[in-house]
>>> print(open('start29.tsv').read())   # TSV, C-alpha atoms
chain	number	residue	atom	x	y	z
A	1	MET	CA	-28.40	-8.88	12.72
A	2	THR	CA	-31.98	-9.65	11.75
A	3	PRO	CA	-32.74	-12.04	8.89
A	4	ARG	CA	-34.27	-9.15	6.96
A	5	ALA	CA	-31.08	-7.07	7.29
A	6	MET	CA	-28.94	-10.07	6.31
A	7	ASP	CA	-31.13	-10.64	3.25
A	8	ARG	CA	-30.83	-6.97	2.27
A	9	LEU	CA	-27.05	-7.07	2.71
A	10	ALA	CA	-26.78	-10.22	0.56
A	11	ARG	CA	-28.83	-8.56	-2.22
A	12	LEU	CA	-26.64	-5.44	-2.10
A	13	GLU	CA	-23.47	-7.54	-2.30
A	14	ALA	CA	-24.86	-9.52	-5.24
A	15	ASN	CA	-25.46	-6.28	-7.18
A	16	ALA	CA	-22.10	-4.77	-6.28
A	17	THR	CA	-19.75	-3.96	-9.11
A	18	PRO	CA	-16.98	-6.53	-9.27
A	19	PRO	CA	-13.41	-5.29	-9.03
A	20	THR	CA	-11.93	-4.13	-12.32
A	21	THR	CA	-9.77	-6.47	-14.32
A	22	GLY	CA	-8.29	-3.55	-16.23
A	23	LYS	CA	-4.62	-2.93	-16.87
A	24	HIS	CA	-2.31	0.08	-16.59
A	25	LEU	CA	-1.05	0.78	-20.11
A	26	ILE	CA	1.37	3.48	-21.28
A	27	PHE	CA	1.67	4.89	-24.82
A	28	ARG	CA	3.71	7.62	-26.51
A	29	VAL	CA	2.09	9.48	-29.36
A	30	GLU	CA	2.40	12.63	-31.41
A	31	ALA	CA	-0.87	14.51	-31.67
A	32	PRO	CA	-1.90	18.15	-32.16
A	33	HIS	CA	-2.20	20.22	-28.99
A	34	GLY	CA	-5.63	19.85	-27.41
A	35	THR	CA	-6.35	16.36	-28.76
A	36	SER	CA	-8.36	14.57	-26.09
A	37	VAL	CA	-7.05	11.41	-24.47
A	38	GLY	CA	-10.27	9.68	-25.55
A	39	ASP	CA	-9.56	10.49	-29.20
A	40	ILE	CA	-5.99	9.25	-28.83
A	41	VAL	CA	-7.12	5.98	-27.19
A	42	THR	CA	-9.68	5.45	-29.97
A	43	PHE	CA	-6.90	6.01	-32.53
A	44	LEU	CA	-4.66	3.48	-30.74
A	45	LYS	CA	-7.49	0.91	-30.56
A	46	ASP	CA	-8.23	1.39	-34.27
A	47	ARG	CA	-4.55	0.78	-35.01
A	48	GLY	CA	-4.86	-2.63	-33.35
A	49	HIS	CA	-3.51	-2.12	-29.83
A	50	ALA	CA	-5.03	-4.46	-27.22
A	51	ILE	CA	-6.83	-1.84	-25.13
A	52	HIS	CA	-10.02	-2.94	-23.34
A	53	GLU	CA	-12.78	-1.13	-21.48
A	54	GLY	CA	-11.65	-0.60	-17.90
A	55	ASP	CA	-7.98	-0.19	-18.81
A	56	ASP	CA	-6.13	2.75	-17.27
A	57	VAL	CA	-4.34	4.35	-20.25
A	58	PHE	CA	-1.58	6.89	-19.69
A	59	VAL	CA	-0.70	8.82	-22.86
A	60	MET	CA	2.43	10.92	-23.32
A	61	ASN	CA	1.76	13.33	-26.19
A	62	VAL	CA	5.34	14.21	-27.04
A	63	GLY	CA	4.62	16.04	-30.30
A	64	ALA	CA	1.84	18.45	-29.31
A	65	HIS	CA	4.04	21.54	-29.33
A	66	GLY	CA	5.24	21.03	-32.89
A	67	MET	CA	2.11	19.87	-34.72
A	68	THR	CA	-0.69	21.78	-36.42
A	69	GLU	CA	-4.36	20.94	-35.92
A	70	ARG	CA	-4.69	19.15	-39.26
A	71	GLU	CA	-1.74	16.81	-38.86
A	72	PRO	CA	-2.63	13.15	-38.33
A	73	LEU	CA	-1.93	11.42	-35.02
A	74	ARG	CA	1.19	9.28	-34.91
A	75	ASP	CA	1.74	6.22	-32.76
A	76	LEU	CA	5.34	6.08	-31.52
A	77	SER	CA	5.13	2.47	-30.33
A	78	PRO	CA	7.69	0.21	-31.99
A	79	THR	CA	5.12	-2.63	-32.16
A	80	LEU	CA	1.42	-3.11	-31.46
A	81	LEU	CA	0.44	-4.03	-27.90
A	82	THR	CA	-0.62	-7.69	-27.99
A	83	GLU	CA	-3.06	-9.47	-25.67
A	84	GLU	CA	-0.10	-11.31	-24.10
A	85	GLU	CA	1.72	-8.06	-23.34
A	86	ARG	CA	-1.50	-6.54	-22.00
A	87	SER	CA	-2.03	-9.51	-19.66
A	88	ALA	CA	1.50	-9.00	-18.28
A	89	ALA	CA	0.86	-5.29	-17.59
A	90	PRO	CA	0.18	-4.14	-14.00
A	91	ALA	CA	-3.36	-3.79	-12.69
A	92	ALA	CA	-5.28	-0.59	-13.45
A	93	GLY	CA	-5.00	2.17	-10.90
A	94	ARG	CA	-1.45	1.23	-9.90
A	95	TRP	CA	1.63	2.93	-11.19
A	96	PRO	CA	3.94	0.19	-12.47
A	97	LYS	CA	6.89	-0.52	-10.17
A	98	GLY	CA	10.30	-0.25	-11.72
A	99	CYS	CA	9.22	2.20	-14.41
A	100	LYS	CA	12.22	3.82	-15.99
A	101	ARG	CA	12.53	7.51	-15.31
A	102	PHE	CA	12.08	9.89	-18.17
A	103	THR	CA	12.91	13.56	-18.56
A	104	PHE	CA	11.26	16.16	-20.74
A	105	ARG	CA	13.60	18.77	-22.14
A	106	LEU	CA	11.60	21.92	-22.67
A	107	GLU	CA	12.90	24.59	-24.99
A	108	SER	CA	12.74	27.97	-23.35
A	109	PRO	CA	12.46	31.11	-25.52
A	110	GLN	CA	14.32	33.03	-22.80
A	111	GLY	CA	17.22	30.60	-23.00
A	112	LEU	CA	17.55	31.18	-26.74
A	113	GLN	CA	18.11	34.93	-26.45
>>> encode(input="start29.tsv", output="structure tokens")
Amino acid sequence: MTPRAMDRLARLEANATPPTTGKHLIFRVEAPHGTSVGDIVTFLKDRGHAIHEGDDVFVMNVGAHGMTEREPLRDLSPTLLTEEERSAAPAAGRWPKGCKRFTFRLESPQGLQ
């Protein structure tokens, strides 16, 4: 490799984006149907949850089917996510190992007839 190519490669590596230090975080909320994940994350941050830029946030909106548009968002977390809990969370982009399984029970209008 020529010195010029090596110099160019070194400059490209210096400007490369460093790997993310984000975390994979999971929240359960109740929000009206159609509420964007961005709005929900902003709501959770405003409530005091330790969510940083670069975090991978998975939101389960468990109340969408039963809420009207004007109802306020509700955080179903028992406690606020602290910096210590965030630091113990798995790296962003990876599904946490050992996650407990969960099941959604959907009410079917056909089953009620």
>>> atom_distance(input="start29.tsv", atom1="CA of Thr82 in chain A", atom2="CA of Ala50 in chain A")
5.5 Å
>>> closest_residue(input="start29.tsv", among="A:Val37, A:Leu12, A:Ala5, A:Val59", to="Ser77 in chain A", atoms="all atoms listed in the file")
A:Val59
>>> atom_distance(input="start29.tsv", atom1="CA of Pro32 in chain A", atom2="CA of Glu83 in chain A")
28.4 Å
>>> closest_residue(input="start29.tsv", among="A:Ala14, A:His33, A:Trp95, A:Arg4", to="Ala64 in chain A", atoms="only C-alpha atoms")
A:His33
>>> closest_residue(input="start29.tsv", among="A:Met1, A:Lys45, A:Arg8, A:Leu76", to="Val62 in chain A", atoms="all atoms listed in the file")
A:Leu76
>>> atom_distance(input="start29.tsv", atom1="CA of Leu73 in chain A", atom2="CA of Ser36 in chain A")
11.4 Å
>>> closest_residue(input="start29.tsv", among="A:Asp75, A:Asp56, A:Asp46, A:Glu13", to="Ala91 in chain A", atoms="only C-alpha atoms")
A:Asp56
>>> axis_aligned_box(input="start29.tsv", around="range 66-81 of chain A", padding_each_side="3 Å", output="AutoDock Vina command-line options")
--center_x 1.5 --center_y 8.9 --center_z -33.6 --size_x 18.4 --size_y 31.8 --size_z 17.4
>>> closest_residue(input="start29.tsv", among="A:Val57, A:Met67, A:Ile40, A:Leu25", to="Glu85 in chain A", atoms="only C-alpha atoms")
A:Leu25
>>> residues_around(input="start29.tsv", residues="Met60 in chain A", least_positions_apart="4", cutoff="7 Å", atoms="only C-alpha atoms", output="list in words")
Phe27, Arg28 and Val29 of chain A
